[in-house]
file entry.cif (mmCIF, C-alpha atoms)
data_final
#
loop_
_atom_site.label_atom_id
_atom_site.label_comp_id
_atom_site.auth_asym_id
_atom_site.auth_seq_id
_atom_site.Cartn_x
_atom_site.Cartn_y
_atom_site.Cartn_z
CA MET A 890 -40.62 -9.70 -69.16
CA THR A 891 -38.87 -12.52 -67.31
CA GLU A 892 -40.06 -14.21 -64.15
CA ARG A 893 -38.40 -16.43 -61.58
CA THR A 894 -39.35 -17.92 -58.23
CA VAL A 895 -36.88 -17.82 -55.38
CA THR A 896 -36.92 -18.95 -51.75
CA VAL A 897 -35.55 -17.07 -48.78
CA THR A 898 -32.86 -19.43 -47.50
CA ASN A 899 -31.09 -17.51 -44.75
CA GLN A 900 -32.31 -18.00 -41.22
CA ALA A 901 -33.00 -14.37 -40.35
CA GLY A 902 -35.11 -13.71 -43.43
CA ILE A 903 -34.99 -10.45 -45.37
CA HIS A 904 -34.08 -8.01 -42.63
CA THR A 905 -32.48 -4.62 -43.27
CA ARG A 906 -29.09 -5.86 -44.47
CA PRO A 907 -30.36 -8.34 -47.10
CA ALA A 908 -32.95 -5.74 -48.15
CA SER A 909 -30.28 -3.18 -48.86
CA ILE A 910 -28.17 -5.76 -50.72
CA ILE A 911 -31.17 -6.70 -52.89
CA VAL A 912 -31.92 -3.06 -53.67
CA ARG A 913 -28.28 -2.24 -54.39
CA THR A 914 -28.07 -5.17 -56.79
CA ALA A 915 -31.41 -4.38 -58.44
CA SER A 916 -30.44 -0.73 -58.91
CA ASN A 917 -27.41 -1.76 -60.96
CA PHE A 918 -29.76 -2.80 -63.74
CA GLU A 919 -31.88 -0.73 -66.00
CA ALA A 920 -34.79 -3.18 -65.98
CA GLU A 921 -37.80 -2.54 -63.79
CA ILE A 922 -37.85 -5.12 -61.01
CA ILE A 923 -40.91 -6.29 -59.14
CA ILE A 924 -40.83 -8.64 -56.15
CA GLN A 925 -44.06 -10.39 -55.33
CA ARG A 926 -45.22 -12.19 -52.20
CA GLY A 927 -48.69 -13.62 -52.72
CA ALA A 928 -50.84 -10.82 -54.05
CA TYR A 929 -48.55 -8.16 -52.60
CA GLU A 930 -45.96 -6.77 -54.96
CA ILE A 931 -43.38 -4.04 -54.55
CA ASN A 932 -40.65 -2.29 -56.49
CA GLY A 933 -37.36 -4.14 -56.11
CA LYS A 934 -35.38 -0.91 -56.13
CA SER A 935 -37.06 0.46 -53.01
CA VAL A 936 -35.53 -0.49 -49.64
CA ILE A 937 -38.74 0.33 -47.80
CA GLY A 938 -40.65 -1.77 -50.31
CA VAL A 939 -38.39 -4.82 -49.96
CA MET A 940 -38.52 -4.56 -46.16
CA THR A 941 -42.31 -4.50 -46.17
CA LEU A 942 -42.25 -7.99 -47.68
CA ALA A 943 -41.22 -9.04 -44.14
CA ALA A 944 -40.14 -12.33 -45.71
CA GLU A 945 -39.02 -14.98 -43.25
CA GLN A 946 -36.99 -18.09 -44.01
CA GLY A 947 -38.75 -20.46 -46.38
CA VAL A 948 -40.99 -17.89 -48.02
CA GLU A 949 -41.30 -18.09 -51.78
CA LEU A 950 -41.05 -14.86 -53.72
CA THR A 951 -41.60 -14.19 -57.39
CA LEU A 952 -39.07 -11.92 -59.09
CA ARG A 953 -40.16 -10.18 -62.27
CA ALA A 954 -37.95 -8.02 -64.44
CA ASP A 955 -38.82 -5.99 -67.49
CA GLY A 956 -36.16 -4.20 -69.52
CA PRO A 957 -33.12 -4.66 -71.74
CA ASP A 958 -31.02 -6.41 -69.05
CA GLU A 959 -33.85 -8.35 -67.41
CA SER A 960 -32.28 -11.83 -67.54
CA GLU A 961 -28.96 -10.63 -66.11
CA ALA A 962 -30.83 -8.79 -63.36
CA LEU A 963 -32.84 -11.88 -62.39
CA ALA A 964 -29.74 -14.09 -62.48
CA ALA A 965 -27.90 -11.70 -60.14
CA LEU A 966 -30.84 -11.49 -57.73
CA ALA A 967 -31.55 -15.22 -57.75
CA ASP A 968 -27.88 -15.79 -56.96
CA LEU A 969 -28.21 -13.53 -53.88
CA PHE A 970 -31.15 -15.57 -52.62
CA ALA A 971 -29.39 -18.87 -53.34
CA ARG A 972 -26.37 -17.75 -51.33
CA GLY A 973 -28.61 -16.57 -48.48
CA PHE A 974 -27.14 -13.07 -48.84
CA GLY A 975 -23.86 -14.47 -47.60
CA GLU A 976 -25.44 -15.41 -44.28
CA THR A 977 -26.06 -19.14 -44.58
CA ALA A 978 -22.65 -20.36 -45.61
CA PRO A 979 -20.32 -20.06 -42.61
CA ASP A 980 -18.68 -23.39 -43.60
CA GLU A 981 -17.65 -21.99 -46.94
CA SER A 982 -15.99 -18.92 -45.48
CA SER A 983 -14.10 -20.92 -42.85
CA ALA A 984 -12.99 -23.28 -45.60
CA ASN A 985 -11.65 -20.28 -47.46
CA ASP A 986 -9.81 -19.10 -44.35
CA ASP A 987 -8.03 -22.44 -44.07
CA SER A 988 -6.76 -22.46 -47.58
CA MET B 1445 -49.95 -20.61 -46.36
CA SER B 1446 -50.01 -16.91 -45.70
CA GLU B 1447 -49.76 -16.32 -49.45
CA ALA B 1448 -53.16 -17.84 -50.04
CA GLU B 1449 -54.67 -15.51 -47.47
CA SER B 1450 -53.63 -12.40 -49.30
CA ASN B 1451 -54.97 -13.76 -52.57
CA ALA B 1452 -58.41 -14.59 -51.24
CA PRO B 1453 -58.93 -12.39 -48.20
CA THR B 1454 -61.46 -14.50 -46.32
CA LEU B 1455 -62.17 -13.36 -42.79
CA SER B 1456 -62.20 -15.84 -39.94
CA ILE B 1457 -64.99 -15.54 -37.39
CA ASP B 1458 -62.52 -14.89 -34.56
CA THR B 1459 -60.87 -12.02 -36.40
CA PHE B 1460 -64.26 -10.67 -37.44
CA VAL B 1461 -65.53 -10.55 -33.85
CA GLU B 1462 -62.26 -9.08 -32.59
CA ARG B 1463 -62.29 -6.30 -35.20
CA LEU B 1464 -65.92 -5.51 -34.56
CA ARG B 1465 -65.07 -5.07 -30.89
CA GLU B 1466 -61.85 -3.14 -31.31
CA ARG B 1467 -62.32 -1.08 -34.44
CA ALA B 1468 -66.06 -0.73 -34.76
CA GLU B 1469 -66.94 -0.70 -31.06
CA LEU B 1470 -69.64 -3.29 -31.57
CA PRO B 1471 -69.02 -6.06 -29.05
CA LEU B 1472 -70.78 -9.34 -29.82
CA THR B 1473 -71.72 -11.76 -27.08
CA PRO B 1474 -71.30 -15.41 -28.11
CA LEU B 1475 -74.47 -17.43 -27.43
CA ASN B 1476 -72.89 -20.80 -28.17
CA SER B 1477 -69.37 -22.11 -28.38
CA VAL B 1478 -68.17 -23.58 -31.64
CA ASP B 1479 -64.59 -24.84 -31.85
CA ALA B 1480 -64.26 -24.98 -35.61
CA PRO B 1481 -66.82 -22.82 -37.41
CA CYS B 1482 -68.01 -24.48 -40.62
CA ALA B 1483 -67.19 -21.49 -42.81
CA SER B 1484 -65.27 -18.23 -42.84
CA ILE B 1485 -66.68 -14.96 -44.19
CA GLN B 1486 -66.18 -14.62 -47.92
CA GLU B 1487 -68.05 -11.48 -48.87
CA ASP B 1488 -69.12 -8.10 -47.56
CA HIS B 1489 -72.90 -8.45 -47.88
CA LEU B 1490 -75.25 -9.31 -45.03
CA HIS B 1491 -78.47 -11.28 -45.23
CA ARG B 1492 -81.71 -11.43 -43.26
CA PRO B 1493 -82.92 -14.96 -43.85
CA GLY B 1494 -86.67 -14.37 -43.51
CA LEU B 1495 -87.68 -16.39 -46.57
CA ALA B 1496 -85.22 -19.16 -45.76
CA LEU B 1497 -86.80 -19.54 -42.31
CA ALA B 1498 -90.18 -19.75 -44.02
CA GLY B 1499 -88.83 -22.62 -46.10
CA TYR B 1500 -87.88 -20.99 -49.40
CA VAL B 1501 -84.14 -21.66 -49.76
CA GLU B 1502 -83.67 -21.22 -53.48
CA LEU B 1503 -81.11 -18.45 -54.08
CA PHE B 1504 -80.53 -18.38 -50.32
CA THR B 1505 -77.25 -16.51 -49.85
CA TYR B 1506 -76.18 -18.71 -46.95
CA GLN B 1507 -72.49 -17.80 -47.41
CA ARG B 1508 -73.19 -14.31 -46.02
CA VAL B 1509 -73.35 -13.27 -42.39
CA GLN B 1510 -76.96 -13.90 -41.34
CA ILE B 1511 -78.78 -11.29 -39.27
CA LEU B 1512 -81.79 -12.20 -37.12
CA GLY B 1513 -83.60 -9.03 -36.11
CA ASN B 1514 -86.99 -8.45 -34.54
CA THR B 1515 -88.97 -9.78 -37.53
CA GLU B 1516 -87.11 -13.09 -37.82
CA THR B 1517 -87.09 -13.64 -34.07
CA ARG B 1518 -90.81 -12.82 -33.73
CA TYR B 1519 -91.56 -15.20 -36.63
CA LEU B 1520 -89.65 -18.03 -34.94
CA ARG B 1521 -91.33 -17.32 -31.63
CA HIS B 1522 -94.87 -17.49 -33.05
CA LEU B 1523 -94.26 -21.07 -34.25
CA ASP B 1524 -94.70 -24.03 -31.93
CA ALA B 1525 -91.56 -25.83 -30.75
CA GLN B 1526 -91.58 -28.48 -33.47
CA ALA B 1527 -92.26 -26.01 -36.33
CA ARG B 1528 -89.61 -23.69 -34.92
CA ARG B 1529 -86.97 -26.41 -35.10
CA GLU B 1530 -88.05 -27.24 -38.65
CA ALA B 1531 -87.86 -23.57 -39.68
CA PHE B 1532 -84.42 -23.18 -38.14
CA ALA B 1533 -83.26 -26.40 -39.82
CA HIS B 1534 -83.72 -24.64 -43.16
CA LEU B 1535 -80.78 -22.46 -42.10
CA THR B 1536 -78.59 -25.00 -40.35
CA GLN B 1537 -78.54 -27.33 -43.37
CA PHE B 1538 -76.14 -24.80 -44.97
CA ASP B 1539 -72.56 -23.83 -44.10
CA ILE B 1540 -73.40 -20.44 -42.63
CA PRO B 1541 -70.36 -18.46 -41.40
CA CYS B 1542 -72.26 -17.00 -38.42
CA ILE B 1543 -75.63 -15.81 -37.17
CA ILE B 1544 -75.99 -12.51 -35.34
CA CYS B 1545 -79.10 -11.77 -33.26
CA THR B 1546 -79.50 -8.02 -33.17
CA ALA B 1547 -81.58 -5.64 -31.03
CA GLY B 1548 -81.11 -7.83 -27.96
CA ASN B 1549 -82.88 -10.78 -29.53
CA SER B 1550 -81.87 -14.32 -28.72
CA LEU B 1551 -82.49 -17.91 -29.72
CA GLY B 1552 -83.88 -20.57 -27.42
CA ALA B 1553 -81.65 -23.31 -26.04
CA SER B 1554 -83.00 -25.86 -28.49
CA LEU B 1555 -82.22 -23.75 -31.57
CA LEU B 1556 -78.80 -22.84 -30.17
CA SER B 1557 -77.87 -26.49 -29.79
CA MET B 1558 -78.94 -27.06 -33.42
CA ALA B 1559 -76.58 -24.27 -34.48
CA THR B 1560 -73.78 -25.67 -32.34
CA GLU B 1561 -74.23 -29.11 -33.89
CA ALA B 1562 -74.02 -27.53 -37.35
CA HIS B 1563 -70.84 -25.66 -36.30
CA ILE B 1564 -72.50 -22.28 -36.79
CA PRO B 1565 -71.47 -19.66 -34.22
CA VAL B 1566 -74.34 -17.50 -32.93
CA PHE B 1567 -73.78 -14.03 -31.47
CA GLN B 1568 -75.91 -11.40 -29.86
CA THR B 1569 -75.82 -7.63 -29.67
CA ASP B 1570 -78.14 -5.06 -28.09
CA THR B 1571 -77.53 -2.61 -30.95
CA PRO B 1572 -80.64 -2.03 -33.10
CA THR B 1573 -80.66 -4.11 -36.29
CA VAL B 1574 -80.25 -1.28 -38.79
CA ASP B 1575 -77.34 0.30 -36.89
CA ALA B 1576 -75.62 -3.02 -36.29
CA MET B 1577 -75.97 -3.94 -39.96
CA ALA B 1578 -74.51 -0.61 -41.06
CA THR B 1579 -71.51 -1.06 -38.75
CA ILE B 1580 -70.88 -4.67 -39.72
CA ARG B 1581 -71.28 -3.90 -43.39
CA ALA B 1582 -68.80 -1.00 -43.19
CA LEU B 1583 -66.23 -3.26 -41.54
CA LEU B 1584 -66.70 -6.00 -44.14
CA VAL B 1585 -66.63 -3.58 -47.07
CA ASP B 1586 -63.33 -2.26 -45.79
CA HIS B 1587 -61.94 -5.76 -45.36
CA PHE B 1588 -62.94 -7.00 -48.79
CA ALA B 1589 -62.08 -3.78 -50.63
CA PRO B 1590 -59.65 -4.28 -53.53
CA GLN B 1591 -56.18 -3.25 -52.40
CA LYS B 1592 -52.85 -2.74 -54.08
CA ALA B 1593 -49.37 -1.62 -53.08
CA VAL B 1594 -48.31 1.28 -55.27
CA HIS B 1595 -44.74 2.54 -55.64
CA GLY B 1596 -44.68 6.28 -54.96
CA SER B 1597 -45.15 8.91 -52.27
CA LEU B 1598 -48.50 10.18 -51.07
CA VAL B 1599 -48.57 13.69 -49.64
CA ASP B 1600 -51.48 15.87 -48.57
CA VAL B 1601 -50.76 19.23 -50.21
CA TYR B 1602 -53.30 21.90 -49.21
CA GLY B 1603 -55.80 19.11 -48.66
CA VAL B 1604 -55.25 17.51 -52.06
CA GLY B 1605 -53.90 13.94 -52.08
CA LEU B 1606 -50.94 14.05 -54.47
CA LEU B 1607 -49.38 10.74 -55.45
CA LEU B 1608 -45.81 11.34 -56.59
CA SER B 1609 -45.04 8.66 -59.11
CA GLY B 1610 -42.06 7.89 -61.34
CA PRO B 1611 -39.07 5.61 -61.78
CA SER B 1612 -36.75 4.72 -58.89
CA GLY B 1613 -34.16 7.35 -58.09
CA ILE B 1614 -35.95 10.26 -59.74
CA GLY B 1615 -36.38 12.00 -56.41
CA LYS B 1616 -39.91 11.28 -55.23
CA SER B 1617 -38.84 10.98 -51.60
CA GLU B 1618 -36.80 14.19 -51.80
CA VAL B 1619 -39.79 16.10 -53.16
CA ALA B 1620 -41.97 14.59 -50.43
CA LEU B 1621 -39.42 15.68 -47.84
CA ASP B 1622 -39.33 19.19 -49.26
CA LEU B 1623 -43.14 19.33 -49.18
CA ILE B 1624 -43.14 18.23 -45.52
CA GLU B 1625 -40.57 20.94 -44.74
CA ARG B 1626 -42.99 23.46 -46.24
CA GLY B 1627 -45.77 22.34 -43.93
CA HIS B 1628 -47.54 19.65 -45.96
CA ARG B 1629 -48.34 16.23 -44.58
CA LEU B 1630 -46.87 12.87 -45.45
CA VAL B 1631 -49.18 9.88 -45.76
CA ALA B 1632 -46.70 7.28 -47.00
CA ASP B 1633 -43.43 7.07 -48.85
CA ASP B 1634 -42.27 4.37 -51.25
CA VAL B 1635 -45.07 1.90 -50.55
CA VAL B 1636 -48.59 3.31 -50.62
CA MET B 1637 -51.39 0.86 -49.86
CA VAL B 1638 -54.25 1.95 -52.08
CA THR B 1639 -57.76 0.69 -51.28
CA ARG B 1640 -60.78 1.21 -53.51
CA ARG B 1641 -63.97 2.38 -51.83
CA ASP B 1642 -67.30 2.29 -53.63
CA SER B 1643 -66.39 2.14 -57.27
CA SER B 1644 -64.29 5.22 -57.81
CA ILE B 1645 -62.72 6.40 -54.57
CA LEU B 1646 -59.12 5.47 -53.85
CA MET B 1647 -57.81 5.80 -50.32
CA GLY B 1648 -54.07 5.71 -49.70
CA ALA B 1649 -52.30 4.76 -46.49
CA GLY B 1650 -48.90 3.57 -45.36
CA THR B 1651 -48.13 0.05 -44.16
CA ASP B 1652 -48.31 -0.79 -40.47
CA LEU B 1653 -44.63 -1.75 -40.54
CA VAL B 1654 -43.21 1.37 -42.17
CA GLN B 1655 -45.73 4.03 -41.10
CA HIS B 1656 -43.95 7.35 -41.57
CA PHE B 1657 -40.41 6.14 -42.02
CA MET B 1658 -38.76 7.22 -45.18
CA GLU B 1659 -35.65 6.26 -47.08
CA VAL B 1660 -33.69 9.18 -48.42
CA ARG B 1661 -30.83 8.23 -50.68
CA GLY B 1662 -27.55 9.14 -49.05
CA LEU B 1663 -29.15 9.52 -45.61
CA GLY B 1664 -30.74 6.15 -45.03
CA LEU B 1665 -33.89 5.74 -42.98
CA VAL B 1666 -35.46 8.75 -41.32
CA ASP B 1667 -38.61 8.92 -39.19
CA ILE B 1668 -40.73 11.85 -40.29
CA ARG B 1669 -43.08 11.68 -37.32
CA ALA B 1670 -40.22 11.76 -34.80
CA MET B 1671 -38.49 14.61 -36.62
CA PHE B 1672 -41.33 16.86 -37.73
CA GLY B 1673 -44.03 15.84 -35.31
CA ILE B 1674 -47.70 15.12 -35.64
CA ARG B 1675 -48.43 18.08 -37.91
CA ALA B 1676 -46.29 16.55 -40.66
CA ILE B 1677 -48.15 13.29 -41.03
CA ARG B 1678 -51.54 11.77 -41.56
CA PHE B 1679 -52.64 8.16 -41.67
CA GLN B 1680 -54.75 8.13 -44.77
CA LYS B 1681 -55.83 10.40 -47.57
CA ARG B 1682 -57.89 10.07 -50.69
CA VAL B 1683 -55.61 9.82 -53.73
CA GLU B 1684 -56.83 12.58 -56.03
CA LEU B 1685 -54.06 13.45 -58.43
CA VAL B 1686 -51.01 11.67 -59.82
CA VAL B 1687 -47.86 13.70 -60.38
CA GLN B 1688 -45.84 11.65 -62.83
CA MET B 1689 -42.19 12.67 -62.51
CA GLU B 1690 -40.02 11.78 -65.47
CA MET B 1691 -36.63 12.66 -66.89
CA ALA B 1692 -37.05 15.55 -69.31
CA ASP B 1693 -36.97 14.19 -72.84
CA ALA B 1694 -36.38 16.63 -75.68
CA ASN B 1695 -38.55 14.54 -78.00
CA THR B 1696 -41.57 14.45 -75.73
CA GLU B 1697 -44.14 17.19 -76.05
CA TYR B 1698 -45.34 18.39 -72.65
CA THR B 1699 -48.56 20.25 -72.07
CA ARG B 1700 -48.37 24.02 -72.45
CA ILE B 1701 -51.92 25.09 -71.83
CA ASP B 1702 -53.84 22.58 -69.77
CA MET B 1703 -52.39 21.09 -66.60
CA ILE B 1704 -54.11 17.73 -66.57
CA GLU B 1705 -53.21 15.51 -69.45
CA GLY B 1706 -54.33 11.93 -69.51
CA THR B 1707 -55.11 9.59 -66.68
CA HIS B 1708 -53.28 7.12 -64.51
CA GLU B 1709 -55.22 4.01 -63.65
CA ILE B 1710 -55.05 2.35 -60.24
CA LEU B 1711 -57.39 -0.56 -59.39
CA GLY B 1712 -59.49 0.36 -62.41
CA VAL B 1713 -60.03 3.95 -61.30
CA PRO B 1714 -58.69 6.57 -63.72
CA LEU B 1715 -56.96 9.37 -61.81
CA PRO B 1716 -56.11 12.71 -63.41
CA GLN B 1717 -52.40 12.83 -64.11
CA VAL B 1718 -49.91 15.68 -64.47
CA ARG B 1719 -46.62 14.88 -66.17
CA VAL B 1720 -43.72 16.85 -64.75
CA PRO B 1721 -40.41 16.70 -66.64
CA ILE B 1722 -37.43 17.01 -64.33
CA THR B 1723 -34.83 19.51 -65.46
CA PRO B 1724 -31.88 21.03 -63.57
CA GLY B 1725 -32.79 23.99 -61.41
CA LYS B 1726 -36.49 23.21 -61.38
CA SER B 1727 -38.23 23.16 -58.02
CA VAL B 1728 -40.63 20.27 -58.26
CA THR B 1729 -41.88 21.11 -54.77
CA VAL B 1730 -43.20 24.49 -55.83
CA ILE B 1731 -44.66 22.89 -58.94
CA CYS B 1732 -46.46 20.35 -56.75
CA GLU B 1733 -47.93 23.16 -54.65
CA VAL B 1734 -49.10 24.96 -57.79
CA ILE B 1735 -50.57 21.73 -59.14
CA ALA B 1736 -52.52 21.27 -55.91
CA MET B 1737 -53.76 24.87 -55.86
CA ASN B 1738 -54.70 24.75 -59.53
CA TYR B 1739 -56.58 21.50 -58.90
CA LEU B 1740 -58.45 23.16 -56.02
CA LEU B 1741 -59.31 26.16 -58.22
CA ARG B 1742 -60.72 23.85 -60.88
CA HIS B 1743 -62.60 21.95 -58.20
CA TYR B 1744 -64.19 25.23 -57.11
CA GLY B 1745 -65.16 26.02 -60.69
CA TYR B 1746 -62.26 28.12 -61.90
CA ASN B 1747 -60.38 26.78 -64.88
CA PRO B 1748 -57.52 29.13 -65.83
CA LYS B 1749 -57.36 27.67 -69.32
CA GLU B 1750 -61.02 28.42 -70.00
CA VAL B 1751 -60.83 31.88 -68.44
CA PHE B 1752 -57.87 32.78 -70.59
CA GLN B 1753 -59.42 31.29 -73.73
CA GLN B 1754 -62.54 33.39 -73.17
CA ARG B 1755 -60.46 36.51 -72.65
CA LEU B 1756 -58.59 35.86 -75.91
CA ARG B 1757 -61.81 35.13 -77.79
CA ASP B 1758 -63.39 38.37 -76.58
CA ARG B 1759 -60.34 40.32 -77.63
CA ILE B 1760 -60.32 38.78 -81.12
CA GLN B 1761 -64.05 39.44 -81.59
CA SER B 1762 -63.82 43.04 -80.46
CA LYS B 1763 -61.31 43.57 -83.29
CA ARG B 1764 -59.32 45.85 -80.98
CA SER B 1765 -55.90 45.59 -82.49
CA GLY B 1766 -52.64 45.93 -80.64
CA LEU B 1767 -51.80 44.90 -77.11
CA GLN B 1768 -52.12 47.51 -74.41
CA ARG B 1769 -49.98 47.58 -71.32
CA GLY B 1770 -51.90 45.83 -68.57
CA ILE B 1771 -51.79 48.66 -66.06
CA HIS B 1772 -54.54 49.98 -63.85
CA TYR B 1773 -52.97 52.64 -61.68
CA PHE B 1774 -53.50 56.32 -61.39
CA GLU B 1775 -51.29 58.43 -63.56
CA GLN B 1776 -49.61 60.06 -60.58
CA ASP B 1777 -48.93 56.73 -58.96
CA TYR B 1778 -45.42 55.68 -59.78
CA GLU B 1779 -45.45 52.19 -58.35
#

call {"tool": "encode", "arguments": {"input": "entry.cif", "output": "structure tokens"}}
result
Amino acid sequence: MTERTVTVTNQAGIHTRPASIIVRTASNFEAEIIIQRGAYEINGKSVIGVMTLAAEQGVELTLRADGPDESEALAALADLFARGFGETAPDESSANDDS
Amino acid sequence: MSEAESNAPTLSIDTFVERLRERAELPLTPLNSVDAPCASIQEDHLHRPGLALAGYVELFTYQRVQILGNTETRYLRHLDAQARREAFAHLTQFDIPCIICTAGNSLGASLLSMATEAHIPVFQTDTPTVDAMATIRALLVDHFAPQKAVHGSLVDVYGVGLLLSGPSGIGKSEVALDLIERGHRLVADDVVMVTRRDSSILMGAGTDLVQHFMEVRGLGLVDIRAMFGIRAIRFQKRVELVVQMEMADANTEYTRIDMIEGTHEILGVPLPQVRVPITPGKSVTVICEVIAMNYLLRHYGYNPKEVFQQRLRDRIQSKRSGLQRGIHYFEQDYE
């Protein structure tokens, strides 16, 4: 079992689009994935579950994975959070457009 | 932060009073006004501080909601003004979350100002003490009940609360949908909030956000209540049986004789569990209905396994060899 703490960085929080991205990513791995907010924990492969976290910007979540590919799964998910689900980096995309 | 709240579910006085009014229909009238109460409510028990008023404060459970009924009020009233203040000071020296005067009782202005100084809110209700205590206690028990979010679907099948459990993508939601189509009622899909009542009763409900929405792979979100109407849903149901769906594994031995095999523990309560291997062409929906009916039969005292065992035992003892055709019709009846 591996564990990692992440912070919701994008301004809109985990609304439906980030939730579906999280679940799609989590479902690519065999490991069981749990996302925890305080005492409340849900299955990371359930869209409804992830949405019930109702996590706004700045909230800390604990990701836990258990299975053969647990570290890869956590790395992929943590990366999503770090990039704000592609929502917080408009500068980066415009920079790419220029080049 | 909000995280801490969910870990230690203390109840603020404001929320407590609001819930009593809205959910329990027990409006409390504030007798004093306290900006910042000295304590929040930490536990579900109530206390009548008779001995504390009399001066014995050892083991005084001051952290509980304090109830002043007829006895306590009459006791305070029979003292002279000075002794009354001294008696009441035994209470106000502690961080009491709140004091509730029941059965229309009240405190004099002098005692109320003592409470206000000690930041203890005092309320009043006309409801008789015993009734008020029962209502308040029920609300607090519900608030402080152990609670857990469980991954699965909870459906009321013939009045039996079936929790469909199993790994993601095995088809729990699809089975739930099929059950709804056949007239059963959905409590919650995907996230079931399970609350323990007393020591062994588990109640399941949906979340206030999701209610009866459901995610069906390939379809996205659907609203069961909007589609199927009120008959297809319910807000809570006791969780009675766990249907553990799993991919059929050739090496696993599944039960052949007795339906219930093992238990599934939630919040320390062992629930009877039925393991259902998923194989192509198998209707899990029908199996769930049979599981529910079989559970009901057992509940009403009929255990098919025992009945059959007895039948077999009788046959063996009677030494009647050979199996007869199991027919009971008249010879001329060719049906």

call {"tool": "interface_residues", "arguments": {"input": "entry.cif", "of": "chain B", "to": "chain A", "cutoff": "12 Å", "atoms": "only C-alpha atoms", "output": "ChimeraX atom specification"}}
result
/B:1445-1453,1590-1597,1610-1614,1616-1617,1632-1638,1650-1661,1664-1666

call {"tool": "residues_around", "arguments": {"input": "entry.cif", "residues": "region 963-966 of chain A", "least_positions_apart": "4", "cutoff": "8 Å", "atoms": "all atoms listed in the file", "output": "PyMOL selection string"}}
result
chain A and resi 891-893+911+914-915+952-954+959+970

call {"tool": "resolve_selection", "arguments": {"input": "entry.cif", "expression": "the PyMOL selection byres ((chain B and resi 1540) around 8)", "output": "PyMOL selection string"}}
result
chain B and resi 1482-1483+1506-1510+1535-1536+1538-1539+1541-1543+1564

call {"tool": "atom_distance", "arguments": {"input": "entry.cif", "atom1": "CA of Lys1681 (chain B)", "atom2": "CA of Ser1644 (chain B)"}}
result
14.3 Å

call {"tool": "residues_around", "arguments": {"input": "entry.cif", "residues": "Ala1553 (chain B)", "least_positions_apart": "4", "cutoff": "10 Å", "atoms": "all atoms listed in the file", "output": "PyMOL selection string"}}
result
chain B and resi 1475-1476+1557-1559

call {"tool": "axis_aligned_box", "arguments": {"input": "entry.cif", "around": "region 1526-1543 of chain B", "padding_each_side": "6 Å", "output": "JSON"}}
result
{"center_x": -81.3, "center_y": -22.1, "center_z": -39.2, "size_x": 33.9, "size_y": 24.7, "size_z": 23.5}

call {"tool": "resolve_selection", "arguments": {"input": "entry.cif", "expression": "the PyMOL selection byres ((chain A and resi 899) around 12)", "output": "ChimeraX atom specification"}}
result
/A:896-898,900-904,906-907,944-948,969-979

call {"tool": "residues_around", "arguments": {"input": "entry.cif", "residues": "Lys1749 (chain B)", "least_positions_apart": "2", "cutoff": "8 Å", "atoms": "all atoms listed in the file", "output": "ChimeraX atom specification"}}
result
/B:1701-1702,1747,1751-1753

call {"tool": "resolve_selection", "arguments": {"input": "entry.cif", "expression": "the PyMOL selection byres ((chain B and resi 1646) around 10)", "output": "list in words"}}
result
Pro1590, Gln1591, Met1637, Val1638, Thr1639, Arg1640, Arg1641, Asp1642, Ser1643, Ser1644, Ile1645, Met1647, Gly1648, Lys1681, Arg1682, Val1683, Glu1684, Ile1710, Leu1711, Gly1712, Val1713, Pro1714 and Leu1715 of chain B

call {"tool": "closest_residue", "arguments": {"input": "entry.cif", "among": "B:Ala1525, B:Met1691, B:Leu1756, B:Val1686", "to": "Gly1706 (chain B)", "atoms": "all atoms listed in the file"}}
result
B:Val1686

call {"tool": "atom_distance", "arguments": {"input": "entry.cif", "atom1": "CA of Ile1677 (chain B)", "atom2": "CA of Gly1725 (chain B)"}}
result
27.7 Å

call {"tool": "atom_distance", "arguments": {"input": "entry.cif", "atom1": "CA of Glu1530 (chain B)", "atom2": "CA of Leu1556 (chain B)"}}
result
13.3 Å
